[in-house]
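A.B. asks: Okay, handing you the structure first.
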Amino acid sequence: MISMQGTGVSPGVASGTLHFYHAANADVRRIVVSDRDAEWERFLAAQAAAVEQLGVLAEEVRQRSGDDAAALLEGHQLLAEDPDLTDEVEALIREQGLCAEAAVMDAGEALAEEFAALEDPYLKERSADVKDVSRRIVSCLGGGSDAAGLPGPVILAAKDLAPSETVQLDKDLLLGLVTAGGSARGHTAIMARTMGIPAVIGAADILDPVLEGKEVFIDGDTGTVIVGPDPETRTKLLEKQKEQRTHAQLLKTLQGQPSMTLDGQSVRVCCNIAGPQDVQAVLENDGEGVGLFRSEFLYLGREDYPDEETQFEAYREVLSALSDREVIIRTLDIGADKQIGYFDLPKEENPALGKRALRICLDRPELFRTQLRAMYRASAYGRLGIMFPMVASEWEVREARAMCEKVQRELKEEGIPFSDEVKIGIMVETPAAAVMSDRLAQLVDFFSIGTNDLTQYTLACDRQNSSLGRFCDTHHPAVLRLIRLVAENAHRHGVLVSICGELAADLSLTETFLAMGIDELSVSPRSVLPLRQKVRETDVSACRSAVSDALA
Ligand code: PEP
Ligand code: MG
């Protein structure tokens with residue numbers, strides 16, 4: 001077994017026979033022509049043919065892989081007619097008498113170098129596109145051969161692939177893609193993602209001739225490439241592949257379908273995210289909104305506090321990308337297991353019971369104010385909800401709300417736009433908040449039950465301590481009764497109630513939560529569709545009495 005580490009650029013596990021890609025021949029004749037006008041006309045005809053070819057291809061690819069993939073080829077159409085490229089070709093033909101093939105390759109190479117020298121990473125990547133387009137024009141001049149097709153279903157290995165070569169490969173035969181070079185921002189990676197083909201780049205030794213024809217697994221999530229796996233690794237990878245196929249099947253059948261039970265009760269299935277990088281996963285998995293944006297991840301992995309502008313940009317990015325879907329951002333929840341050096345938090349004997357989350361924000365109003373300003377400013381770009389973590393007392397909510405009002409007043413005075421429909425909620429994750437939920441419900445628009453902490457504090461079981469085993473029963477009736485109590489109190493006061501802790505994704509509790517009338521379940525993006533499937537198979541009226549008996 002040979003294992004290599006590259007970079008996963010398109011998710012999924014793929015397995016099959018390793019096939020080496022033989023790129024289109026870019027060697028062109030280099031001759032001096034006698035009739036320069038005729039050579040120029042030959043170039044113009046080839047240029048027009050390349051543009052037409054790309055248009056036809058774009059339409060084909062649009063049918064097979066959608067608009068994004070087609071847009072690449074439409075971009076190539078523009079490049080094929082790029083005035084700089086055209087002028088340079090004309091100069092080389094007319095002034096030096098170079099044949100059209102060599103003129104195109106030289107002009108393309110020069111333009112590609114200009115792109116490669118640019119700072120902007122996006123423009124830098126366009127260098128590969130220019131080379132790709134030049135090869136196509138040369139091919140229309142009859143000066144290059146087409147790339148070989150695929151011999152059957154294979155994992156394709158190449159040094160690098162030109163974007164247009166990638167989109168033209170037969171999607172039904174291309175099981176996965178692995179390159180020795182390449183870049184994660186390059187179009188090859190983008191195309192692989194768009195086509196839904198697992199891909200790994202930068203597996204430097206993949207083109208070792210002894211590997212051709214061998215069985216290979218590539219993992220587009222981890223970037224691992226395994227050639228000739230041992231039986232145990234093989235079984236593991238096949239299991240992961242099977243789980244992914246089931247998920248892909250779910251995506252096909254459940255995308256866009258309502259999360260509604262057999263007897264017509266709806267629940268919103270939303271996502272938990274850590275930042276803008278997760279928005280794509282929300283969209284891909286058809287999350288109905290964001291039920292928990294753990295904002296502390298913006299503070300982690302940095303040397304210093306993120307300023308208002310940095311936070312505003314991150315919140316705005318998420319809100320605008322999910323424009324019509326509600327996004328609940330939780331204010332900073334650090335302390336306990338999430339320590340950040342520059343906060344200089346004092347060492348505590350029992351950090352889970354110490355200064356954490358809202359307690360820090362209320363004691364450091366400047367920190368809180370900066371975050372709330374960023375959130376309210378971002379509210380102009382989507383549907384925002386704000387929630388406070390680790391609430392135990394009513395006064396904490398009043399004080400936090402007062403800070404929201406102060407921030408709103410400030411922004412109004414400064415003429416900075418924000419939405420006046422921002423919902424305010426709290427996490428119910430302390431037993432105190434659950435027990436007081438009848439009163440707390442009168443202070444907020446929504447509750448979100450954090451079962452991770454609620455379980456820890458109710459059962460007195462440290463969530464970081466993996467040795468507690470049977471003493472930490474996540475289905476403990478004490479926790480479930482508290483959840484039911486919170487749901488009852490919420491509904492009595494017209495407040496929406498969500499669950500955003502790990503328990504929300506536990507399918508063995510979905511019936512229980514639906515019977516309690518939970519309005520929203522917020523889970524990691526990949527859990528959305530399995531949960532929606534479970535909801536759609538449930539008949540709440542049939543399980544209601546069993547649930548109340550179990551909690552009696
Ligand atoms: C929870 O406590 O259940 C929760 C969702 O918050 P976190 O896991 O971030 O503490
Ligand atoms: Mg929590």
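To be explicit about the labels: the chains of the structure tokens are called A, B, and onward in the order shown, and within each one the residues are counted from 1, while ligands get numbers from 1 in the order they are shown.
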Env of Thr370 of chain A: 10 Å cut, atoms = only C-alpha atoms, seq-sep filter 4 positions within chain, self excluded. Answer as a list in words.
C.D. replies: Pro306, Asp307, Glu308, Glu309, Gln311, Phe312, Pro365, Glu366, Ala374, Met375 and Val407 of chain A
A.B. asks: Using N, CA and C atoms, can you write the selected residues to a file as an mmCIF file, in the first residue's frame?
C.D. replies:
data_model
loop_
_atom_site.group_PDB
_atom_site.id
_atom_site.type_symbol
_atom_site.label_atom_id
_atom_site.label_comp_id
_atom_site.auth_asym_id
_atom_site.auth_seq_id
_atom_site.Cartn_x
_atom_site.Cartn_y
_atom_site.Cartn_z
ATOM 1 N N PRO A 306 -10.531 40.785 16.924
ATOM 2 C CA PRO A 306 -10.970 41.243 15.607
ATOM 3 C C PRO A 306 -11.717 42.571 15.773
ATOM 4 N N ASP A 307 -11.417 43.580 14.957
ATOM 5 C CA ASP A 307 -12.081 44.873 15.140
ATOM 6 C C ASP A 307 -13.497 44.843 14.546
ATOM 7 N N GLU A 308 -14.198 45.954 14.716
ATOM 8 C CA GLU A 308 -15.604 46.008 14.263
ATOM 9 C C GLU A 308 -15.713 45.713 12.767
ATOM 10 N N GLU A 309 -14.779 46.277 11.999
ATOM 11 C CA GLU A 309 -14.838 46.131 10.548
ATOM 12 C C GLU A 309 -14.673 44.662 10.135
ATOM 13 N N GLN A 311 -15.276 42.003 11.869
ATOM 14 C CA GLN A 311 -16.466 41.226 12.234
ATOM 15 C C GLN A 311 -17.629 41.562 11.305
ATOM 16 N N PHE A 312 -17.799 42.848 11.034
ATOM 17 C CA PHE A 312 -18.885 43.274 10.155
ATOM 18 C C PHE A 312 -18.791 42.548 8.807
ATOM 19 N N PRO A 365 -17.990 45.851 28.617
ATOM 20 C CA PRO A 365 -18.964 46.436 27.692
ATOM 21 C C PRO A 365 -18.383 46.885 26.354
ATOM 22 N N GLU A 366 -17.105 47.298 26.316
ATOM 23 C CA GLU A 366 -16.530 47.754 25.033
ATOM 24 C C GLU A 366 -16.445 46.610 24.025
ATOM 25 N N ALA A 374 -21.066 45.554 14.986
ATOM 26 C CA ALA A 374 -20.788 44.816 13.748
ATOM 27 C C ALA A 374 -22.022 44.024 13.317
ATOM 28 N N MET A 375 -22.698 43.418 14.288
ATOM 29 C CA MET A 375 -23.883 42.610 13.958
ATOM 30 C C MET A 375 -25.011 43.488 13.419
ATOM 31 N N VAL A 407 -26.530 50.476 21.146
ATOM 32 C CA VAL A 407 -25.862 50.357 19.843
ATOM 33 C C VAL A 407 -26.785 50.864 18.725
#
A.B. asks: Considering only C-alpha atoms, tabulate each residue of segment 15-53 of chain A that lies at most 8 Å from segment 202-220 of chain A along with its nearest interatomic pair and the corresponding distance in Å to one decimal; arrange the rows by chain and ascending residue number and present them as CSV.
C.D. replies:
residue,atom,partner,partner_atom,distance
A:Ser15,CA,A:Phe217,CA,4.3
A:Gly16,CA,A:Glu215,CA,5.6
A:Thr17,CA,A:Glu215,CA,4.7
A:Leu18,CA,A:Gly213,CA,5.0
A:His19,CA,A:Glu212,CA,5.8
A:Phe20,CA,A:Glu212,CA,6.5
A.B. asks: Output N, CA and C atoms of each residue in that selection to a file, as a short mmCIF file (atom, residue, chain, number, x, y, z; two decimals), in the first residue's frame.
C.D. replies:
data_model
loop_
_atom_site.label_atom_id
_atom_site.label_comp_id
_atom_site.auth_asym_id
_atom_site.auth_seq_id
_atom_site.Cartn_x
_atom_site.Cartn_y
_atom_site.Cartn_z
N SER A 15 -12.94 5.64 -5.84
CA SER A 15 -12.00 4.54 -6.02
C SER A 15 -12.11 4.01 -7.43
N GLY A 16 -11.01 3.45 -7.92
CA GLY A 16 -11.02 2.88 -9.26
C GLY A 16 -9.61 2.65 -9.74
N THR A 17 -9.49 2.42 -11.05
CA THR A 17 -8.18 2.16 -11.64
C THR A 17 -7.51 3.49 -11.97
N LEU A 18 -6.23 3.57 -11.66
CA LEU A 18 -5.50 4.82 -11.91
C LEU A 18 -5.11 4.89 -13.39
N HIS A 19 -5.54 5.96 -14.03
CA HIS A 19 -5.24 6.14 -15.46
C HIS A 19 -4.49 7.44 -15.65
N PHE A 20 -3.39 7.38 -16.39
CA PHE A 20 -2.61 8.61 -16.62
C PHE A 20 -3.17 9.37 -17.81
#
A.B. asks: All residues within 7 Å of ligand 1 are required, counting only C-alpha atoms and all ligand atoms; please report them as a PyMOL selection string.
C.D. replies: chain A and resi 294+429+449-454+500-502
A.B. asks: Keeping only all heavy atoms, take the residues you just selected and write them out as a CSV table (one decimal), in the first residue's frame.
C.D. replies:
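And here is the file that came out, result-v6.csv:
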chain,number,residue,atom,x,y,z
A,294,ARG,N,-21.5,30.3,15.6
A,294,ARG,CA,-20.7,30.4,16.7
A,294,ARG,C,-19.6,31.5,16.5
A,294,ARG,O,-18.5,31.2,16.0
A,294,ARG,CB,-20.0,29.0,17.0
A,294,ARG,CG,-20.9,28.0,17.5
A,294,ARG,CD,-20.1,26.7,17.8
A,294,ARG,NE,-20.8,25.8,18.7
A,294,ARG,CZ,-21.5,24.7,18.3
A,294,ARG,NH1,-21.6,24.4,17.1
A,294,ARG,NH2,-22.1,23.9,19.2
A,429,GLU,N,-29.2,27.0,28.2
A,429,GLU,CA,-28.2,26.0,28.4
A,429,GLU,C,-27.8,25.8,29.8
A,429,GLU,O,-26.9,25.1,30.1
A,429,GLU,CB,-27.0,26.2,27.5
A,429,GLU,CG,-26.4,27.5,27.5
A,429,GLU,CD,-25.3,27.7,26.4
A,429,GLU,OE1,-24.8,26.7,25.8
A,429,GLU,OE2,-24.9,28.9,26.3
A,449,ILE,N,-32.1,26.0,22.6
A,449,ILE,CA,-31.7,25.1,23.7
A,449,ILE,C,-30.3,24.5,23.3
A,449,ILE,O,-30.2,23.8,22.3
A,449,ILE,CB,-32.7,24.0,24.0
A,449,ILE,CG1,-34.1,24.6,24.3
A,449,ILE,CG2,-32.3,23.1,25.2
A,449,ILE,CD1,-35.2,23.6,24.5
A,450,GLY,N,-29.3,24.8,24.2
A,450,GLY,CA,-28.0,24.3,24.0
A,450,GLY,C,-27.9,23.0,24.8
A,450,GLY,O,-27.5,23.1,26.0
A,451,THR,N,-28.1,21.9,24.2
A,451,THR,CA,-28.2,20.7,25.0
A,451,THR,C,-26.8,20.2,25.4
A,451,THR,O,-26.7,19.4,26.4
A,451,THR,CB,-28.9,19.5,24.1
A,451,THR,OG1,-28.2,19.5,22.9
A,451,THR,CG2,-30.3,19.8,24.0
A,452,ASN,N,-25.7,20.7,24.8
A,452,ASN,CA,-24.4,20.2,25.2
A,452,ASN,C,-24.1,20.7,26.6
A,452,ASN,O,-23.7,20.0,27.5
A,452,ASN,CB,-23.3,20.8,24.2
A,452,ASN,CG,-23.6,20.5,22.8
A,452,ASN,OD1,-24.3,19.5,22.5
A,452,ASN,ND2,-23.1,21.3,21.9
A,453,ASP,N,-24.4,22.0,26.8
A,453,ASP,CA,-24.1,22.6,28.1
A,453,ASP,C,-25.3,22.3,29.1
A,453,ASP,O,-25.0,22.0,30.3
A,453,ASP,CB,-23.9,24.1,28.0
A,453,ASP,CG,-22.5,24.5,27.7
A,453,ASP,OD1,-21.6,23.8,28.2
A,453,ASP,OD2,-22.3,25.3,26.8
A,454,LEU,N,-26.5,22.2,28.5
A,454,LEU,CA,-27.6,21.9,29.4
A,454,LEU,C,-27.4,20.5,30.1
A,454,LEU,O,-27.7,20.3,31.3
A,454,LEU,CB,-29.0,22.0,28.7
A,454,LEU,CG,-30.2,21.8,29.5
A,454,LEU,CD1,-30.3,22.9,30.6
A,454,LEU,CD2,-31.5,21.8,28.7
A,500,CYS,N,-30.2,23.6,19.4
A,500,CYS,CA,-29.0,23.8,18.5
A,500,CYS,C,-27.8,22.9,19.1
A,500,CYS,O,-26.8,23.0,18.5
A,500,CYS,CB,-28.6,25.2,18.4
A,500,CYS,SG,-28.1,26.0,19.9
A,501,GLY,N,-28.0,22.2,20.2
A,501,GLY,CA,-26.9,21.4,20.7
A,501,GLY,C,-26.9,20.1,19.8
A,501,GLY,O,-27.7,19.8,19.0
A,502,GLU,N,-25.9,19.2,20.1
A,502,GLU,CA,-25.7,18.0,19.3
A,502,GLU,C,-26.9,17.1,19.3
A,502,GLU,O,-27.2,16.4,18.4
A,502,GLU,CB,-24.5,17.2,19.9
A,502,GLU,CG,-23.2,17.9,19.7
A,502,GLU,CD,-22.9,18.3,18.3
A,502,GLU,OE1,-23.0,17.4,17.4
A,502,GLU,OE2,-22.8,19.5,18.0
A.B. asks: Using only C-alpha atoms and all ligand atoms, which residues of the polymer chains come no farther than 12 Å from ligand 2? I'd like the answer as a PDB file with N, CA and C atoms, in the first residue's frame.
C.D. replies:
ATOM      1  N   LEU A 292     -27.423  28.625  14.530  1.00  0.00           N
ATOM      2  CA  LEU A 292     -26.345  28.958  15.465  1.00  0.00           C
ATOM      3  C   LEU A 292     -25.087  29.273  14.673  1.00  0.00           C
ATOM      4  N   PHE A 293     -24.693  30.537  14.716  1.00  0.00           N
ATOM      5  CA  PHE A 293     -23.406  30.959  14.147  1.00  0.00           C
ATOM      6  C   PHE A 293     -22.519  31.192  15.359  1.00  0.00           C
ATOM      7  N   ARG A 294     -21.545  30.290  15.561  1.00  0.00           N
ATOM      8  CA  ARG A 294     -20.672  30.393  16.744  1.00  0.00           C
ATOM      9  C   ARG A 294     -19.621  31.477  16.481  1.00  0.00           C
ATOM     10  N   GLU A 296     -17.533  33.044  18.149  1.00  0.00           N
ATOM     11  CA  GLU A 296     -16.212  33.032  18.798  1.00  0.00           C
ATOM     12  C   GLU A 296     -15.119  32.506  17.873  1.00  0.00           C
ATOM     13  N   ARG A 330     -24.696  34.038  17.469  1.00  0.00           N
ATOM     14  CA  ARG A 330     -24.556  34.019  18.926  1.00  0.00           C
ATOM     15  C   ARG A 330     -23.411  34.946  19.304  1.00  0.00           C
ATOM     16  N   THR A 331     -23.626  35.768  20.315  1.00  0.00           N
ATOM     17  CA  THR A 331     -22.531  36.633  20.748  1.00  0.00           C
ATOM     18  C   THR A 331     -21.445  35.752  21.374  1.00  0.00           C
ATOM     19  N   LEU A 332     -20.283  36.348  21.433  1.00  0.00           N
ATOM     20  CA  LEU A 332     -19.076  35.664  21.887  1.00  0.00           C
ATOM     21  C   LEU A 332     -19.296  34.644  23.026  1.00  0.00           C
ATOM     22  N   ASP A 333     -18.868  33.414  22.794  1.00  0.00           N
ATOM     23  CA  ASP A 333     -18.992  32.384  23.832  1.00  0.00           C
ATOM     24  C   ASP A 333     -17.615  31.783  24.085  1.00  0.00           C
ATOM     25  N   ILE A 334     -16.764  32.550  24.784  1.00  0.00           N
ATOM     26  CA  ILE A 334     -15.459  31.956  25.140  1.00  0.00           C
ATOM     27  C   ILE A 334     -15.389  31.724  26.642  1.00  0.00           C
ATOM     28  N   GLY A 335     -14.251  31.190  27.059  1.00  0.00           N
ATOM     29  CA  GLY A 335     -14.120  30.763  28.443  1.00  0.00           C
ATOM     30  C   GLY A 335     -14.339  29.262  28.454  1.00  0.00           C
ATOM     31  N   ALA A 336     -14.265  28.654  29.617  1.00  0.00           N
ATOM     32  CA  ALA A 336     -14.401  27.199  29.769  1.00  0.00           C
ATOM     33  C   ALA A 336     -13.449  26.490  28.807  1.00  0.00           C
ATOM     34  N   ASP A 337     -13.992  25.657  27.888  1.00  0.00           N
ATOM     35  CA  ASP A 337     -13.102  24.897  27.006  1.00  0.00           C
ATOM     36  C   ASP A 337     -12.544  25.742  25.855  1.00  0.00           C
ATOM     37  N   LYS A 338     -13.110  26.945  25.628  1.00  0.00           N
ATOM     38  CA  LYS A 338     -12.596  27.776  24.520  1.00  0.00           C
ATOM     39  C   LYS A 338     -11.784  28.942  25.091  1.00  0.00           C
ATOM     40  N   ALA A 352     -15.693  25.898  33.651  1.00  0.00           N
ATOM     41  CA  ALA A 352     -17.036  25.733  33.074  1.00  0.00           C
ATOM     42  C   ALA A 352     -18.070  26.466  33.919  1.00  0.00           C
ATOM     43  N   ARG A 356     -17.486  33.049  31.693  1.00  0.00           N
ATOM     44  CA  ARG A 356     -17.502  32.661  30.287  1.00  0.00           C
ATOM     45  C   ARG A 356     -18.671  33.336  29.594  1.00  0.00           C
ATOM     46  N   ALA A 357     -18.605  33.356  28.283  1.00  0.00           N
ATOM     47  CA  ALA A 357     -19.703  33.782  27.424  1.00  0.00           C
ATOM     48  C   ALA A 357     -20.268  35.149  27.806  1.00  0.00           C
ATOM     49  N   LEU A 358     -21.598  35.214  28.016  1.00  0.00           N
ATOM     50  CA  LEU A 358     -22.239  36.501  28.281  1.00  0.00           C
ATOM     51  C   LEU A 358     -21.661  37.177  29.528  1.00  0.00           C
ATOM     52  N   MET A 387     -28.346  36.097  19.549  1.00  0.00           N
ATOM     53  CA  MET A 387     -28.666  35.410  20.809  1.00  0.00           C
ATOM     54  C   MET A 387     -27.482  35.408  21.768  1.00  0.00           C
ATOM     55  N   PHE A 388     -27.834  35.363  23.040  1.00  0.00           N
ATOM     56  CA  PHE A 388     -26.837  35.443  24.101  1.00  0.00           C
ATOM     57  C   PHE A 388     -26.662  34.065  24.747  1.00  0.00           C
ATOM     58  N   PRO A 389     -25.407  33.636  24.899  1.00  0.00           N
ATOM     59  CA  PRO A 389     -25.145  32.319  25.495  1.00  0.00           C
ATOM     60  C   PRO A 389     -25.021  32.369  27.021  1.00  0.00           C
ATOM     61  N   MET A 390     -25.252  31.243  27.679  1.00  0.00           N
ATOM     62  CA  MET A 390     -24.980  31.057  29.114  1.00  0.00           C
ATOM     63  C   MET A 390     -25.775  31.987  30.020  1.00  0.00           C
ATOM     64  N   VAL A 391     -27.016  32.207  29.654  1.00  0.00           N
ATOM     65  CA  VAL A 391     -27.862  33.059  30.499  1.00  0.00           C
ATOM     66  C   VAL A 391     -28.323  32.241  31.703  1.00  0.00           C
ATOM     67  N   ILE A 426     -32.174  33.981  23.466  1.00  0.00           N
ATOM     68  CA  ILE A 426     -31.131  33.487  24.372  1.00  0.00           C
ATOM     69  C   ILE A 426     -30.944  31.987  24.173  1.00  0.00           C
ATOM     70  N   MET A 427     -29.752  31.531  24.526  1.00  0.00           N
ATOM     71  CA  MET A 427     -29.540  30.105  24.594  1.00  0.00           C
ATOM     72  C   MET A 427     -30.046  29.649  25.945  1.00  0.00           C
ATOM     73  N   VAL A 428     -30.791  28.561  25.936  1.00  0.00           N
ATOM     74  CA  VAL A 428     -31.190  27.974  27.214  1.00  0.00           C
ATOM     75  C   VAL A 428     -30.256  26.793  27.410  1.00  0.00           C
ATOM     76  N   GLU A 429     -29.237  27.009  28.218  1.00  0.00           N
ATOM     77  CA  GLU A 429     -28.232  25.952  28.394  1.00  0.00           C
ATOM     78  C   GLU A 429     -27.785  25.827  29.840  1.00  0.00           C
ATOM     79  N   THR A 430     -28.459  26.564  30.730  1.00  0.00           N
ATOM     80  CA  THR A 430     -28.235  26.334  32.157  1.00  0.00           C
ATOM     81  C   THR A 430     -29.567  25.861  32.724  1.00  0.00           C
ATOM     82  N   SER A 448     -33.094  29.145  22.162  1.00  0.00           N
ATOM     83  CA  SER A 448     -32.381  28.088  21.467  1.00  0.00           C
ATOM     84  C   SER A 448     -31.731  27.219  22.541  1.00  0.00           C
ATOM     85  N   ILE A 449     -32.134  25.960  22.584  1.00  0.00           N
ATOM     86  CA  ILE A 449     -31.679  25.109  23.685  1.00  0.00           C
ATOM     87  C   ILE A 449     -30.323  24.495  23.346  1.00  0.00           C
ATOM     88  N   GLY A 450     -29.339  24.815  24.172  1.00  0.00           N
ATOM     89  CA  GLY A 450     -27.982  24.287  23.976  1.00  0.00           C
ATOM     90  C   GLY A 450     -27.851  23.025  24.808  1.00  0.00           C
ATOM     91  N   THR A 451     -28.143  21.900  24.177  1.00  0.00           N
ATOM     92  CA  THR A 451     -28.188  20.652  24.957  1.00  0.00           C
ATOM     93  C   THR A 451     -26.807  20.193  25.426  1.00  0.00           C
ATOM     94  N   ASN A 452     -25.750  20.668  24.755  1.00  0.00           N
ATOM     95  CA  ASN A 452     -24.406  20.237  25.190  1.00  0.00           C
ATOM     96  C   ASN A 452     -24.142  20.744  26.609  1.00  0.00           C
ATOM     97  N   ASP A 453     -24.362  22.042  26.795  1.00  0.00           N
ATOM     98  CA  ASP A 453     -24.134  22.600  28.128  1.00  0.00           C
ATOM     99  C   ASP A 453     -25.277  22.263  29.081  1.00  0.00           C
ATOM    100  N   LEU A 454     -26.501  22.232  28.547  1.00  0.00           N
ATOM    101  CA  LEU A 454     -27.625  21.921  29.440  1.00  0.00           C
ATOM    102  C   LEU A 454     -27.418  20.531  30.075  1.00  0.00           C
ATOM    103  N   THR A 455     -26.920  19.587  29.277  1.00  0.00           N
ATOM    104  CA  THR A 455     -26.660  18.241  29.806  1.00  0.00           C
ATOM    105  C   THR A 455     -25.527  18.294  30.835  1.00  0.00           C
ATOM    106  N   GLN A 456     -24.463  19.010  30.485  1.00  0.00           N
ATOM    107  CA  GLN A 456     -23.316  19.118  31.400  1.00  0.00           C
ATOM    108  C   GLN A 456     -23.744  19.674  32.763  1.00  0.00           C
ATOM    109  N   TYR A 457     -24.524  20.767  32.726  1.00  0.00           N
ATOM    110  CA  TYR A 457     -24.862  21.415  33.996  1.00  0.00           C
ATOM    111  C   TYR A 457     -25.981  20.669  34.753  1.00  0.00           C
ATOM    112  N   ARG A 463     -18.436  18.163  30.148  1.00  0.00           N
ATOM    113  CA  ARG A 463     -18.550  17.713  28.751  1.00  0.00           C
ATOM    114  C   ARG A 463     -17.195  17.364  28.143  1.00  0.00           C
ATOM    115  N   ILE A 499     -33.644  23.822  19.047  1.00  0.00           N
ATOM    116  CA  ILE A 499     -32.568  23.085  19.733  1.00  0.00           C
ATOM    117  C   ILE A 499     -31.339  23.174  18.833  1.00  0.00           C
ATOM    118  N   CYS A 500     -30.211  23.622  19.392  1.00  0.00           N
ATOM    119  CA  CYS A 500     -29.015  23.750  18.548  1.00  0.00           C
ATOM    120  C   CYS A 500     -27.835  22.948  19.077  1.00  0.00           C
ATOM    121  N   GLY A 501     -28.021  22.221  20.176  1.00  0.00           N
ATOM    122  CA  GLY A 501     -26.940  21.359  20.674  1.00  0.00           C
ATOM    123  C   GLY A 501     -26.893  20.082  19.845  1.00  0.00           C
ATOM    124  N   GLU A 502     -25.907  19.237  20.130  1.00  0.00           N
ATOM    125  CA  GLU A 502     -25.713  18.006  19.341  1.00  0.00           C
ATOM    126  C   GLU A 502     -26.936  17.097  19.330  1.00  0.00           C
TER     127      GLU A 502
END
A.B. asks: Which of these residues is nearest to Arg383 of chain A, using only C-alpha atoms: A:Ile190, A:Ala433, A:Leu111, A:Leu322?
C.D. replies: A:Leu322
A.B. asks: Given the choices A:Val167, A:Val138, A:Arg544, A:Gly287, which gets closest to Asp68 of chain A if the distance is worked out from only C-alpha atoms?
C.D. replies: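 Among the listed residues, the smallest separation from Asp68 of chain A belongs to A:Val167.
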A.B. asks: As a list in words, please: every residue in segment 190-382 of chain A that DSSP puts in strand (DSSP E).
C.D. replies: Ala199, Val200, Ile201, Glu215, Val216, Phe217, Ile218, Asp219, Thr224, Val225, Ile226, Val227, Arg268, Val269, Cys270, Cys271, Asn272, Ile273, Val290, Gly291, Leu292, Phe293, Arg294, Glu326, Val327, Ile328, Ile329 and Arg330 of chain A
A.B. asks: Find the spatial neighbours of Arg64 of chain A, counting only C-alpha atoms, within a cut-off of 10 Å - ignore same-chain residues fewer than 5 positions away - and output them as a list in words.
C.D. replies: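 Residues near the query, excluding close chain neighbours: Ala58, Glu59, Ala69, Ala70, Val167, Asp170, Lys171 and Met195 of chain A.
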A.B. asks: Output N, CA and C atoms of each residue in that selection to a file, as a PDB file, in the first residue's frame.
C.D. replies:
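result29.pdb written:
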ATOM      1  N   ALA A  58     -19.901  25.217 -24.291  1.00  0.00           N
ATOM      2  CA  ALA A  58     -20.512  25.838 -23.108  1.00  0.00           C
ATOM      3  C   ALA A  58     -21.953  25.356 -22.962  1.00  0.00           C
ATOM      4  N   GLU A  59     -22.658  25.271 -24.090  1.00  0.00           N
ATOM      5  CA  GLU A  59     -24.054  24.823 -24.019  1.00  0.00           C
ATOM      6  C   GLU A  59     -24.143  23.371 -23.560  1.00  0.00           C
ATOM      7  N   ALA A  69     -20.150  25.802 -14.545  1.00  0.00           N
ATOM      8  CA  ALA A  69     -19.183  25.145 -15.417  1.00  0.00           C
ATOM      9  C   ALA A  69     -19.197  25.808 -16.791  1.00  0.00           C
ATOM     10  N   ALA A  70     -20.404  26.157 -17.270  1.00  0.00           N
ATOM     11  CA  ALA A  70     -20.509  26.789 -18.587  1.00  0.00           C
ATOM     12  C   ALA A  70     -19.837  28.163 -18.583  1.00  0.00           C
ATOM     13  N   VAL A 167     -13.476  20.051 -18.136  1.00  0.00           N
ATOM     14  CA  VAL A 167     -14.928  20.033 -18.380  1.00  0.00           C
ATOM     15  C   VAL A 167     -15.317  19.119 -19.529  1.00  0.00           C
ATOM     16  N   ASP A 170     -15.474  12.954 -19.936  1.00  0.00           N
ATOM     17  CA  ASP A 170     -16.788  12.340 -19.771  1.00  0.00           C
ATOM     18  C   ASP A 170     -17.068  12.108 -18.280  1.00  0.00           C
ATOM     19  N   LYS A 171     -18.054  12.847 -17.782  1.00  0.00           N
ATOM     20  CA  LYS A 171     -18.350  12.819 -16.352  1.00  0.00           C
ATOM     21  C   LYS A 171     -18.740  11.419 -15.869  1.00  0.00           C
ATOM     22  N   MET A 195     -18.496  19.927 -10.956  1.00  0.00           N
ATOM     23  CA  MET A 195     -18.968  18.682 -11.568  1.00  0.00           C
ATOM     24  C   MET A 195     -19.252  17.611 -10.510  1.00  0.00           C
TER      25      MET A 195
END
A.B. asks: Go ahead and compute the interatomic distance for atom CA of Arg364 of chain A and atom CA of Arg401 of chain A, in Å to one decimal.
C.D. replies: 14.8 Å
A.B. asks: If you count only C-alpha atoms, which residues fall within 7 Å of Ser10 of chain A, apart from same-chain ones fewer than 4 positions away, as a PyMOL selection string?
C.D. replies: chain A and resi 189+192-193+197-199+220-221
A.B. asks: Within 12 Å of Ala116 of chain A, counting only C-alpha atoms, which residues show up once you throw out same-chain ones fewer than 5 positions away? Write them as a list of chain:residue names, please.
C.D. replies: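 Surrounding residues, per the criterion: A:Glu109, A:Ala110, A:Leu111, A:Pro121, A:Tyr122, A:Leu123, A:Lys124, A:Glu125, A:Arg126, A:Ser127, A:Ala128, A:Asp129, A:Val130, A:Lys131.
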A.B. asks: What are the DSSP helix (DSSP H, G or I) residues of segment 444-530 of chain A, as a ChimeraX atom specification?
C.D. replies: /A:451-459,469-471,477-492,502-505,507-516,525-530
A.B. asks: Tell me which of A:Ala14, A:Val397, A:Val495, A:Met436 sits closest to Val154 of chain A, counting only C-alpha atoms.
C.D. replies: A:Ala14
A.B. asks: Nearest to Glu396 of chain A: which of A:Thr188, A:Ala281, A:Val56, A:Val444 is it, counting only C-alpha atoms?
C.D. replies: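 Smallest separation from Glu396 of chain A among the options: A:Val444.
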A.B. asks: List as a VMD selection string the protein and nucleic acid residues near Gln277 of chain A, meaning an atom at most 12 Å away when only C-alpha atoms are counted, but skip any in the same chain fewer than 5 places from it.
C.D. replies: chain A and resid 282 to 283 293 297 to 298 314 to 315 317 to 318 321
A.B. asks: Can you tell me which residues surround Val327 of chain A at a distance of at most 7 Å, considering only C-alpha atoms, apart from same-chain residues fewer than 4 positions away, and format the answer as a VMD selection string?
C.D. replies: chain A and resid 289 to 291 319 383 to 385
